[in-house]
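start-v8.cif follows; it contains mmCIF, C-alpha atoms and all ligand atoms.
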```
data_coords
#
loop_
_atom_site.label_atom_id
_atom_site.label_comp_id
_atom_site.auth_asym_id
_atom_site.auth_seq_id
_atom_site.Cartn_x
_atom_site.Cartn_y
_atom_site.Cartn_z
CA MET A 218 -9.46 33.90 -1.62
CA ASN A 219 -10.73 33.89 -5.17
CA SER A 220 -14.46 33.53 -4.59
CA GLU A 221 -15.13 32.58 -8.25
CA ARG A 222 -13.22 29.38 -8.00
CA PRO A 223 -13.73 26.44 -5.66
CA THR A 224 -11.26 26.07 -2.83
CA VAL A 225 -9.23 22.88 -3.07
CA ILE A 226 -7.05 22.15 -0.05
CA VAL A 227 -4.17 19.74 -0.60
CA THR A 228 -2.69 18.29 2.58
CA ARG A 229 0.78 17.28 1.31
CA LYS A 230 3.31 18.50 -1.25
CA LEU A 231 2.61 17.00 -4.68
CA PRO A 232 4.82 16.93 -7.82
CA GLU A 233 5.26 20.43 -9.21
CA VAL A 234 3.45 19.79 -12.48
CA VAL A 235 0.41 18.61 -10.51
CA GLU A 236 0.50 21.63 -8.21
CA THR A 237 0.82 24.00 -11.17
CA ARG A 238 -2.26 22.52 -12.82
CA LEU A 239 -4.22 22.55 -9.55
CA ARG A 240 -3.41 26.25 -9.24
CA GLU A 241 -4.50 26.94 -12.81
CA LEU A 242 -7.84 25.24 -12.34
CA PHE A 243 -8.85 25.96 -8.77
CA ASP A 244 -8.28 28.20 -5.81
CA ALA A 245 -5.70 25.67 -4.64
CA LYS A 246 -4.24 25.86 -1.14
CA LEU A 247 -1.03 23.86 -1.32
CA ASN A 248 1.28 22.54 1.36
CA LEU A 249 4.58 23.59 -0.17
CA GLU A 250 6.55 22.76 2.97
CA ASP A 251 5.03 19.28 3.14
CA LYS A 252 4.49 19.49 6.88
CA PRO A 253 1.78 16.94 7.76
CA PHE A 254 -1.44 18.59 8.95
CA SER A 255 -2.20 18.33 12.65
CA ARG A 256 -5.67 17.14 13.55
CA ASP A 257 -6.74 20.74 14.15
CA GLU A 258 -5.35 21.87 10.80
CA LEU A 259 -7.20 19.03 9.11
CA ILE A 260 -10.47 20.03 10.77
CA GLU A 261 -9.88 23.66 9.79
CA ALA A 262 -9.33 22.55 6.17
CA MET A 263 -12.54 20.48 6.26
CA LYS A 264 -14.43 23.56 7.42
CA THR A 265 -13.30 25.83 4.59
CA ALA A 266 -12.65 23.61 1.55
CA HIS A 267 -15.00 22.73 -1.27
CA VAL A 268 -12.70 19.83 -2.07
CA LEU A 269 -10.12 18.21 0.18
CA VAL A 270 -7.16 16.32 -1.31
CA PRO A 271 -5.78 14.19 1.52
CA THR A 272 -3.50 11.20 1.48
CA VAL A 273 -2.60 8.16 3.56
CA THR A 274 -1.09 10.25 6.38
CA ASP A 275 -4.35 12.10 7.12
CA LYS A 276 -6.69 10.35 9.52
CA ILE A 277 -10.16 11.43 8.48
CA ASP A 278 -12.26 9.66 11.07
CA ARG A 279 -15.84 10.14 12.21
CA SER A 280 -15.10 13.03 14.53
CA VAL A 281 -13.04 14.91 11.91
CA LEU A 282 -15.75 14.34 9.31
CA SER A 283 -18.47 15.49 11.67
CA GLN A 284 -16.82 18.93 11.71
CA ALA A 285 -16.80 19.33 7.92
CA GLY A 286 -18.25 22.60 6.68
CA PRO A 287 -21.30 22.78 4.41
CA ASN A 288 -19.13 23.45 1.33
CA LEU A 289 -17.19 20.21 1.51
CA LYS A 290 -18.70 17.85 -1.04
CA LEU A 291 -15.69 15.88 -2.30
CA ILE A 292 -12.68 14.18 -0.73
CA ALA A 293 -10.35 13.38 -3.64
CA GLN A 294 -7.79 11.08 -2.04
CA PHE A 295 -4.27 11.11 -3.48
CA GLY A 296 -3.78 7.35 -3.27
CA THR A 297 -5.57 4.09 -3.89
CA GLY A 298 -6.04 2.88 -0.33
CA VAL A 299 -8.76 4.82 1.50
CA ASP A 300 -8.43 3.17 4.90
CA ASN A 301 -7.55 6.57 6.41
CA ILE A 302 -11.09 7.77 5.67
CA ASP A 303 -14.30 6.73 7.47
CA LEU A 304 -16.27 5.98 4.31
CA GLU A 305 -19.58 5.30 6.04
CA THR A 306 -19.58 8.65 7.81
CA ALA A 307 -18.55 10.41 4.59
CA ARG A 308 -21.47 8.79 2.79
CA ASN A 309 -23.91 9.66 5.57
CA ARG A 310 -22.80 13.28 5.26
CA SER A 311 -23.15 13.15 1.45
CA ILE A 312 -19.44 13.72 0.92
CA LEU A 313 -18.18 11.83 -2.11
CA VAL A 314 -14.82 10.05 -1.88
CA THR A 315 -12.61 9.31 -4.89
CA ASN A 316 -9.20 7.60 -5.12
CA THR A 317 -6.49 6.92 -7.74
CA PRO A 318 -6.62 3.23 -8.67
CA GLY A 319 -4.73 1.62 -11.55
CA VAL A 320 -1.89 4.08 -12.07
CA LEU A 321 0.27 2.69 -9.27
CA THR A 322 -0.34 -1.00 -9.96
CA GLU A 323 2.81 -1.72 -11.95
CA ASP A 324 5.11 0.30 -9.67
CA THR A 325 3.77 -1.40 -6.57
CA ALA A 326 4.07 -4.81 -8.22
CA ASP A 327 7.68 -4.04 -9.17
CA MET A 328 8.47 -3.17 -5.57
CA THR A 329 6.70 -6.31 -4.35
CA MET A 330 8.79 -8.43 -6.70
CA ALA A 331 11.95 -6.67 -5.55
CA LEU A 332 11.03 -7.52 -1.95
CA ILE A 333 10.19 -11.12 -2.85
CA LEU A 334 13.77 -11.42 -4.10
CA ALA A 335 15.40 -9.27 -1.43
CA VAL A 336 15.29 -11.42 1.70
CA PRO A 337 15.90 -14.94 0.30
CA ARG A 338 18.81 -13.56 -1.78
CA ARG A 339 20.09 -11.30 1.04
CA LEU A 340 20.29 -8.16 -1.10
CA ALA A 341 20.26 -5.56 1.64
CA GLU A 342 22.61 -7.59 3.85
CA GLY A 343 25.16 -8.04 1.05
CA SER A 344 25.12 -4.36 0.20
CA GLN A 345 25.47 -3.33 3.84
CA LEU A 346 28.34 -5.76 4.39
CA LEU A 347 30.29 -4.48 1.43
CA LYS A 348 29.80 -0.86 2.40
CA ALA A 349 30.88 -1.68 5.97
CA GLU A 350 34.08 -3.32 4.63
CA ASN A 351 34.84 0.08 3.11
CA GLY A 352 37.08 -1.22 0.33
CA ASP A 353 38.63 -4.02 2.41
CA TRP A 354 36.52 -6.87 1.09
CA ALA A 355 38.45 -10.13 1.46
CA GLY A 356 36.87 -11.50 -1.72
CA TRP A 357 34.51 -14.20 -2.90
CA SER A 358 34.01 -17.51 -1.11
CA PRO A 359 31.86 -20.48 -2.19
CA THR A 360 30.06 -20.66 1.13
CA TRP A 361 29.68 -16.98 1.97
CA MET A 362 26.37 -15.09 1.92
CA LEU A 363 24.30 -18.05 0.79
CA GLY A 364 20.60 -17.41 0.48
CA HIS A 365 17.74 -19.46 -0.92
CA ARG A 366 16.60 -20.16 -4.47
CA ILE A 367 13.50 -18.35 -5.76
CA PHE A 368 12.86 -20.47 -8.87
CA GLY A 369 10.33 -23.26 -8.32
CA LYS A 370 9.13 -22.02 -4.93
CA ARG A 371 5.47 -21.53 -4.02
CA LEU A 372 4.25 -17.94 -3.80
CA GLY A 373 0.93 -17.37 -2.01
CA ILE A 374 -0.71 -14.05 -2.92
CA VAL A 375 -3.24 -12.76 -0.40
CA GLY A 376 -5.56 -10.52 -2.42
CA MET A 377 -5.77 -11.07 -6.17
CA GLY A 378 -6.88 -7.62 -7.30
CA ARG A 379 -5.01 -5.45 -9.78
CA ILE A 380 -1.75 -5.42 -7.82
CA GLY A 381 -1.95 -9.11 -6.86
CA GLN A 382 -2.37 -10.04 -10.51
CA ALA A 383 0.52 -7.80 -11.59
CA VAL A 384 2.70 -9.50 -8.95
CA ALA A 385 1.59 -12.94 -10.21
CA ARG A 386 2.57 -12.01 -13.77
CA ARG A 387 6.07 -11.05 -12.64
CA ALA A 388 6.40 -14.04 -10.30
CA ARG A 389 5.62 -16.45 -13.14
CA ALA A 390 8.52 -15.04 -15.13
CA PHE A 391 10.80 -15.82 -12.17
CA GLY A 392 9.64 -19.45 -12.15
CA LEU A 393 7.56 -19.17 -8.99
CA GLN A 394 4.44 -21.31 -8.65
CA VAL A 395 1.57 -18.90 -8.14
CA HIS A 396 -1.12 -19.59 -5.53
CA TYR A 397 -3.69 -17.13 -4.24
CA HIS A 398 -6.48 -16.49 -1.80
CA ASN A 399 -9.11 -13.85 -2.52
CA ARG A 400 -12.63 -13.07 -1.35
CA ARG A 401 -13.79 -14.17 -4.78
CA ARG A 402 -12.13 -16.54 -7.17
CA VAL A 403 -10.89 -14.65 -10.25
CA ALA A 404 -12.16 -15.45 -13.76
CA PRO A 405 -10.90 -18.77 -15.20
CA GLU A 406 -9.10 -17.01 -18.07
CA VAL A 407 -7.18 -14.85 -15.57
CA GLU A 408 -6.27 -17.93 -13.52
CA GLN A 409 -5.10 -19.60 -16.69
CA GLU A 410 -3.02 -16.64 -17.85
CA LEU A 411 -1.35 -16.42 -14.45
CA GLY A 412 -1.08 -20.18 -13.96
CA ALA A 413 -2.60 -19.45 -10.55
CA THR A 414 -4.06 -21.97 -8.11
CA TYR A 415 -6.97 -20.76 -5.99
CA TRP A 416 -7.22 -21.58 -2.28
CA ASP A 417 -10.62 -21.09 -0.72
CA SER A 418 -9.01 -21.59 2.69
CA LEU A 419 -6.42 -18.96 3.58
CA ASP A 420 -5.27 -21.14 6.48
CA GLN A 421 -4.52 -24.07 4.23
CA MET A 422 -2.70 -21.94 1.69
CA LEU A 423 -0.52 -20.26 4.33
CA ALA A 424 0.62 -23.59 5.71
CA ARG A 425 1.99 -24.66 2.34
CA MET A 426 3.69 -21.55 0.92
CA ASP A 427 7.38 -20.67 0.71
CA ILE A 428 6.71 -16.95 0.25
CA VAL A 429 3.52 -15.08 1.13
CA SER A 430 2.77 -11.68 -0.42
CA VAL A 431 0.08 -9.42 1.06
CA ASN A 432 -1.70 -7.47 -1.69
CA CYS A 433 -5.20 -6.83 -0.34
CA PRO A 434 -6.58 -3.49 0.86
CA HIS A 435 -6.91 -2.74 4.55
CA THR A 436 -10.60 -2.82 5.45
CA PRO A 437 -12.45 -3.79 8.63
CA ALA A 438 -12.57 -7.31 7.18
CA THR A 439 -8.82 -7.58 6.53
CA TYR A 440 -7.57 -5.97 9.76
CA HIS A 441 -5.10 -8.54 11.23
CA LEU A 442 -6.12 -11.02 8.55
CA LEU A 443 -2.68 -12.45 9.20
CA SER A 444 -3.27 -12.80 12.92
CA ALA A 445 -0.90 -14.48 15.36
CA ARG A 446 -2.84 -17.72 14.86
CA ARG A 447 -2.56 -17.58 11.08
CA LEU A 448 1.11 -16.51 11.10
CA ALA A 449 1.83 -19.57 13.22
CA LEU A 450 0.57 -21.73 10.34
CA LEU A 451 3.48 -20.60 8.13
CA LYS A 452 6.39 -22.96 7.60
CA PRO A 453 9.49 -21.93 9.61
CA SER A 454 11.27 -21.64 6.23
CA ALA A 455 8.66 -19.20 4.85
CA TYR A 456 9.12 -15.52 4.01
CA ILE A 457 6.44 -12.85 4.19
CA VAL A 458 6.24 -9.72 2.04
CA ASN A 459 3.89 -6.78 2.62
CA THR A 460 3.46 -3.82 0.27
CA ALA A 461 -0.25 -3.35 1.07
CA ARG A 462 -1.00 -2.04 4.55
CA GLY A 463 0.66 -2.82 7.86
CA GLU A 464 -2.68 -3.34 9.59
CA VAL A 465 -3.32 -6.53 7.59
CA ILE A 466 -0.59 -8.28 9.62
CA ASP A 467 -0.42 -8.47 13.40
CA GLU A 468 2.96 -6.71 13.47
CA ASN A 469 3.77 -7.59 17.09
CA ALA A 470 3.13 -11.25 16.44
CA LEU A 471 5.31 -11.15 13.32
CA ALA A 472 8.12 -9.38 15.18
CA ARG A 473 8.00 -12.04 17.91
CA MET A 474 8.22 -14.80 15.32
CA ILE A 475 11.21 -13.13 13.66
CA GLU A 476 12.89 -12.76 17.03
CA ASN A 477 12.31 -16.43 17.84
CA ASN A 478 13.34 -17.65 14.36
CA GLU A 479 9.91 -19.12 13.77
CA ILE A 480 9.85 -17.70 10.23
CA ALA A 481 12.74 -17.29 7.75
CA GLY A 482 12.29 -13.58 7.08
CA ALA A 483 10.12 -10.67 6.10
CA ALA A 484 10.23 -7.78 3.65
CA LEU A 485 7.99 -4.93 4.68
CA ASP A 486 7.18 -1.66 2.94
CA VAL A 487 4.29 -0.80 5.27
CA PHE A 488 3.76 -0.92 9.03
CA GLU A 489 0.86 -1.18 11.41
CA HIS A 490 1.53 2.09 13.24
CA GLU A 491 3.28 4.19 10.60
CA PRO A 492 5.54 6.05 10.86
CA ALA A 493 6.50 3.93 13.90
CA VAL A 494 8.18 0.60 13.17
CA ASN A 495 8.52 -2.21 15.68
CA PRO A 496 12.22 -2.07 16.76
CA LYS A 497 12.47 -5.87 16.63
CA LEU A 498 11.93 -5.61 12.88
CA LEU A 499 14.68 -3.03 12.52
CA ASN A 500 17.29 -5.10 14.30
CA SER A 501 17.01 -8.31 12.35
CA ASP A 502 19.24 -9.34 9.42
CA ASN A 503 16.46 -11.33 7.82
CA VAL A 504 14.04 -8.42 7.63
CA VAL A 505 14.17 -5.81 4.88
CA VAL A 506 12.27 -2.63 5.70
CA LEU A 507 11.32 0.19 3.36
CA PRO A 508 9.58 3.47 4.23
CA HIS A 509 6.28 2.97 2.31
CA MET A 510 7.90 3.30 -1.14
CA GLY A 511 5.69 0.91 -3.13
CA SER A 512 4.33 3.51 -5.54
CA ALA A 513 7.17 5.98 -5.12
CA THR A 514 8.07 6.75 -8.74
CA ILE A 515 7.86 10.24 -10.17
CA GLU A 516 5.77 8.88 -13.05
CA GLY A 517 3.35 7.20 -10.64
CA ARG A 518 2.93 10.26 -8.46
CA VAL A 519 2.28 12.50 -11.49
CA ASP A 520 -0.30 10.00 -12.80
CA MET A 521 -1.95 9.93 -9.36
CA GLY A 522 -2.11 13.72 -9.39
CA GLU A 523 -3.66 13.66 -12.85
CA LYS A 524 -6.34 11.29 -11.59
CA VAL A 525 -7.05 13.54 -8.62
CA ILE A 526 -7.48 16.50 -11.00
CA ILE A 527 -9.80 14.55 -13.33
CA ASN A 528 -11.91 13.44 -10.37
CA ILE A 529 -12.24 17.00 -9.05
CA LYS A 530 -12.84 18.53 -12.46
CA THR A 531 -15.57 16.09 -13.51
CA PHE A 532 -17.25 16.43 -10.14
CA LEU A 533 -17.22 20.23 -10.21
CA ASP A 534 -18.49 20.17 -13.80
CA GLY A 535 -21.52 18.25 -12.55
CA HIS A 536 -20.51 14.79 -13.70
CA SER A 537 -19.87 11.60 -11.86
CA PRO A 538 -16.11 11.32 -11.19
CA PRO A 539 -14.50 8.18 -12.61
CA ASP A 540 -12.92 6.90 -9.39
CA ARG A 541 -15.76 7.03 -6.90
CA VAL A 542 -15.16 4.82 -3.89
CA HIS A 543 -18.19 2.87 -2.76
CA PRO A 544 -18.12 1.91 0.90
CA ALA A 545 -19.61 -1.48 0.02
CA MET A 546 -16.49 -2.32 -1.99
CA PHE A 547 -14.31 -2.05 1.08
C1 LIG B 601 0.84 5.78 -1.67
C2 LIG B 601 -0.53 3.64 -1.29
O1 LIG B 601 2.16 6.07 -1.54
O2 LIG B 601 -2.02 4.60 -2.86
C3 LIG B 601 -1.87 3.90 -1.88
O3 LIG B 601 -2.83 3.33 -1.33
O4 LIG B 601 -0.38 2.82 -0.48
C4 LIG B 601 0.73 4.30 -1.67
O5 LIG B 601 1.26 3.70 -2.79
C5 LIG B 601 0.14 6.48 -0.56
O6 LIG B 601 -0.55 5.65 0.26
C6 LIG B 601 -0.74 7.55 -1.10
O7 LIG B 601 -1.86 7.76 -0.33
#
```
For this file, produce the structure as structure tokens.
Amino acid sequence: MNSERPTVIVTRKLPEVVETRLRELFDAKLNLEDKPFSRDELIEAMKTAHVLVPTVTDKIDRSVLSQAGPNLKLIAQFGTGVDNIDLETARNRSILVTNTPGVLTEDTADMTMALILAVPRRLAEGSQLLKAENGDWAGWSPTWMLGHRIFGKRLGIVGMGRIGQAVARRARAFGLQVHYHNRRRVAPEVEQELGATYWDSLDQMLARMDIVSVNCPHTPATYHLLSARRLALLKPSAYIVNTARGEVIDENALARMIENNEIAGAALDVFEHEPAVNPKLLNSDNVVVLPHMGSATIEGRVDMGEKVIINIKTFLDGHSPPDRVHPAMF
């Protein structure tokens, strides 16, 4: 170990340009094979690092944090969501937590829009069918593969933060009517720009939407926000899209509703017990599933890495890092 430079332990493989820079700046311990850390490996890293760079797949709970060594002063999360970290315990142990907000907003909103289109217009089904025909497609028919129109439908956005607003902007261009529920109503000029209607009552909004998009963070307050009771308020013709966190939806309840045709479909990029996915969701034609790809662009991942580096660098230089996470915000 180079004792002059702080030890920065990175739990997953990052884009090469990010790893190169981390190596230049710090005594960086990288995970070139990208094998997820076991709990013991994570604890070992917490004991030796000055800075830990974890991501969504690392569960940094109270008991892991309680074994952190005296050197660990910063957890610089590679990602915006920090629901894998016990923020209260980190604060009590004077360990600062930073994240990477902003740089993955547009990519995640693009993926959300793609999923809003995917199920009503049967994108995945059509592609699968054609590939299965293996060149023997019988040809077009006026009544084959009919889906549902997007234009003019009501989209209910749950969580009108950066990503929710970026989704609303796209949805408007597709002729969707934008509705939203948020802890706080957004500024009137933002509502006006987005043509968005605010619903104080999530229950009432859910009951009236054609498509619901989940775009809020997972926090203790949003865990199972879309509970079995709330999901039952949806119209049987409604679709649900989730690019936020699986835990916001009661996944078992949703899977049951899909199985019983109590909802028209779902498009899910995230799951409650990742990497496990409820098999009922995998076996349904009207569910599109993606393996947590919302921010998966090379540009986005490089920008996230750059943010991680800036957060570490400013902190180690004795300044306040730009993306500090305050437990009260979550
Ligand atoms: C990332 C995300 O892929 O940043 C987030 O919160 O959900 C994703 O877009 C991943 O979670 C990085 O931690």
Edge lengths and centre in Å, axis-aligned, ligand LIG 601 (chain B) plus 4 Å each side, as JSON:
```
{"center_x": -0.3, "center_y": 5.3, "center_z": -1.3, "size_x": 13.0, "size_y": 12.9, "size_z": 11.1}
```
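Residues in contact with ligand LIG 601 (chain B) (atom pairs separated by at most 6 Å; only C-alpha atoms and all ligand atoms) are Thr272, Val273, Phe295, Gly296, Thr297, Gly298, Gly511 and Ser512 of chain A.
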>> Please compute the atom CA of A:Glu221-atom CA of A:Leu249 distance, one decimal, in Å.
In response: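 A separation of 23.1 Å between them.
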>> My list of candidates is A:Arg447, A:Arg462, A:Arg371, A:Arg401. Which is closest to A:Ala413 when distances are computed with only C-alpha atoms?
In response: A:Arg371
Please identify all polymer residues within 12 Å of stretch 228-239 of chain A, counting all atoms listed in the file, omitting same-chain residues fewer than 4 positions from it, and present them as a PDB file with C-alpha atoms, in the frame of the given file.
```pdb
ATOM      1  CA  ARG A 222     -13.220  29.380  -8.000  1.00  0.00           C
ATOM      2  CA  PRO A 223     -13.730  26.440  -5.660  1.00  0.00           C
ATOM      3  CA  THR A 224     -11.260  26.070  -2.830  1.00  0.00           C
ATOM      4  CA  PHE A 243      -8.850  25.960  -8.770  1.00  0.00           C
ATOM      5  CA  ASP A 244      -8.280  28.200  -5.810  1.00  0.00           C
ATOM      6  CA  ALA A 245      -5.700  25.670  -4.640  1.00  0.00           C
ATOM      7  CA  LYS A 246      -4.240  25.860  -1.140  1.00  0.00           C
ATOM      8  CA  LEU A 247      -1.030  23.860  -1.320  1.00  0.00           C
ATOM      9  CA  ASN A 248       1.280  22.540   1.360  1.00  0.00           C
ATOM     10  CA  LEU A 249       4.580  23.590  -0.170  1.00  0.00           C
ATOM     11  CA  GLU A 250       6.550  22.760   2.970  1.00  0.00           C
ATOM     12  CA  ASP A 251       5.030  19.280   3.140  1.00  0.00           C
ATOM     13  CA  LYS A 252       4.490  19.490   6.880  1.00  0.00           C
ATOM     14  CA  PRO A 253       1.780  16.940   7.760  1.00  0.00           C
ATOM     15  CA  PHE A 254      -1.440  18.590   8.950  1.00  0.00           C
ATOM     16  CA  SER A 255      -2.200  18.330  12.650  1.00  0.00           C
ATOM     17  CA  ARG A 256      -5.670  17.140  13.550  1.00  0.00           C
ATOM     18  CA  GLU A 258      -5.350  21.870  10.800  1.00  0.00           C
ATOM     19  CA  LEU A 259      -7.200  19.030   9.110  1.00  0.00           C
ATOM     20  CA  ILE A 260     -10.470  20.030  10.770  1.00  0.00           C
ATOM     21  CA  GLU A 261      -9.880  23.660   9.790  1.00  0.00           C
ATOM     22  CA  ALA A 262      -9.330  22.550   6.170  1.00  0.00           C
ATOM     23  CA  MET A 263     -12.540  20.480   6.260  1.00  0.00           C
ATOM     24  CA  ALA A 266     -12.650  23.610   1.550  1.00  0.00           C
ATOM     25  CA  VAL A 268     -12.700  19.830  -2.070  1.00  0.00           C
ATOM     26  CA  LEU A 269     -10.120  18.210   0.180  1.00  0.00           C
ATOM     27  CA  VAL A 270      -7.160  16.320  -1.310  1.00  0.00           C
ATOM     28  CA  PRO A 271      -5.780  14.190   1.520  1.00  0.00           C
ATOM     29  CA  THR A 272      -3.500  11.200   1.480  1.00  0.00           C
ATOM     30  CA  VAL A 273      -2.600   8.160   3.560  1.00  0.00           C
ATOM     31  CA  THR A 274      -1.090  10.250   6.380  1.00  0.00           C
ATOM     32  CA  ASP A 275      -4.350  12.100   7.120  1.00  0.00           C
ATOM     33  CA  LYS A 276      -6.690  10.350   9.520  1.00  0.00           C
ATOM     34  CA  ILE A 277     -10.160  11.430   8.480  1.00  0.00           C
ATOM     35  CA  ILE A 292     -12.680  14.180  -0.730  1.00  0.00           C
ATOM     36  CA  ALA A 293     -10.350  13.380  -3.640  1.00  0.00           C
ATOM     37  CA  GLN A 294      -7.790  11.080  -2.040  1.00  0.00           C
ATOM     38  CA  PHE A 295      -4.270  11.110  -3.480  1.00  0.00           C
ATOM     39  CA  GLY A 296      -3.780   7.350  -3.270  1.00  0.00           C
ATOM     40  CA  ALA A 513       7.170   5.980  -5.120  1.00  0.00           C
ATOM     41  CA  THR A 514       8.070   6.750  -8.740  1.00  0.00           C
ATOM     42  CA  ILE A 515       7.860  10.240 -10.170  1.00  0.00           C
ATOM     43  CA  GLU A 516       5.770   8.880 -13.050  1.00  0.00           C
ATOM     44  CA  GLY A 517       3.350   7.200 -10.640  1.00  0.00           C
ATOM     45  CA  ARG A 518       2.930  10.260  -8.460  1.00  0.00           C
ATOM     46  CA  VAL A 519       2.280  12.500 -11.490  1.00  0.00           C
ATOM     47  CA  ASP A 520      -0.300  10.000 -12.800  1.00  0.00           C
ATOM     48  CA  MET A 521      -1.950   9.930  -9.360  1.00  0.00           C
ATOM     49  CA  GLY A 522      -2.110  13.720  -9.390  1.00  0.00           C
ATOM     50  CA  GLU A 523      -3.660  13.660 -12.850  1.00  0.00           C
ATOM     51  CA  LYS A 524      -6.340  11.290 -11.590  1.00  0.00           C
ATOM     52  CA  VAL A 525      -7.050  13.540  -8.620  1.00  0.00           C
ATOM     53  CA  ILE A 526      -7.480  16.500 -11.000  1.00  0.00           C
ATOM     54  CA  ILE A 527      -9.800  14.550 -13.330  1.00  0.00           C
ATOM     55  CA  ASN A 528     -11.910  13.440 -10.370  1.00  0.00           C
ATOM     56  CA  ILE A 529     -12.240  17.000  -9.050  1.00  0.00           C
ATOM     57  CA  LYS A 530     -12.840  18.530 -12.460  1.00  0.00           C
TER      58      LYS A 530
END
```
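Checking A:Val281, A:Leu451, A:Ile367, A:Ala493 one by one against A:Ala331, counting only C-alpha atoms, you find the shortest gap at A:Ile367.
Taking atom CA of A:Phe532 and atom CA of A:Thr325 as the two end points, the separation is 27.8 Å.
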>> Please report the interatomic distance between atom CA of A:Leu485 and atom CA of A:Val506 in Å with one decimal.
In response: 5.0 Å
> Which is closer to A:Leu471 than all the others in A:Arg308, A:Lys452, A:Lys264, A:Lys497, using only C-alpha atoms?
Replying inline: A:Lys497
Which stretch 476-536 of chain A residues have any atom within 12 Å of an atom of stretch 343-347 of chain A, and for each, what is the nearest pair of atoms with distance in Å to one decimal, counting only C-alpha atoms, rows sorted by chain and number, as a Markdown table?
```
| residue | atom | partner | partner_atom | distance |
| --- | --- | --- | --- | --- |
| A:Asp502 | CA | A:Gln345 | CA | 10.3 |
| A:Asn503 | CA | A:Gly343 | CA | 11.5 |
| A:Val505 | CA | A:Gln345 | CA | 11.6 |
```
> Could you name the residues that touch A:Ser280 at 10 Å or less, counting all atoms listed in the file, but leaving out those on the same chain fewer than 3 positions away, as a list of chain:residue names?
Replying inline: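 Here the answer would be A:Ile260, A:Ile277, A:Ser283, A:Gln284, A:Ala285, A:Asp303, A:Thr306.
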> At most 7 Å from (18.2, -6.9, 4.3), file frame, only C-alpha atoms: which residues, as an MDAnalysis selection string?
Replying inline: chainID A and resid 335:336 339:342 502:505
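Distances here use all atoms listed in the file; by that measure, the residue among A:Gly376, A:Gly482, A:Pro538, A:Gly356 closest to A:Pro337 is A:Gly482.
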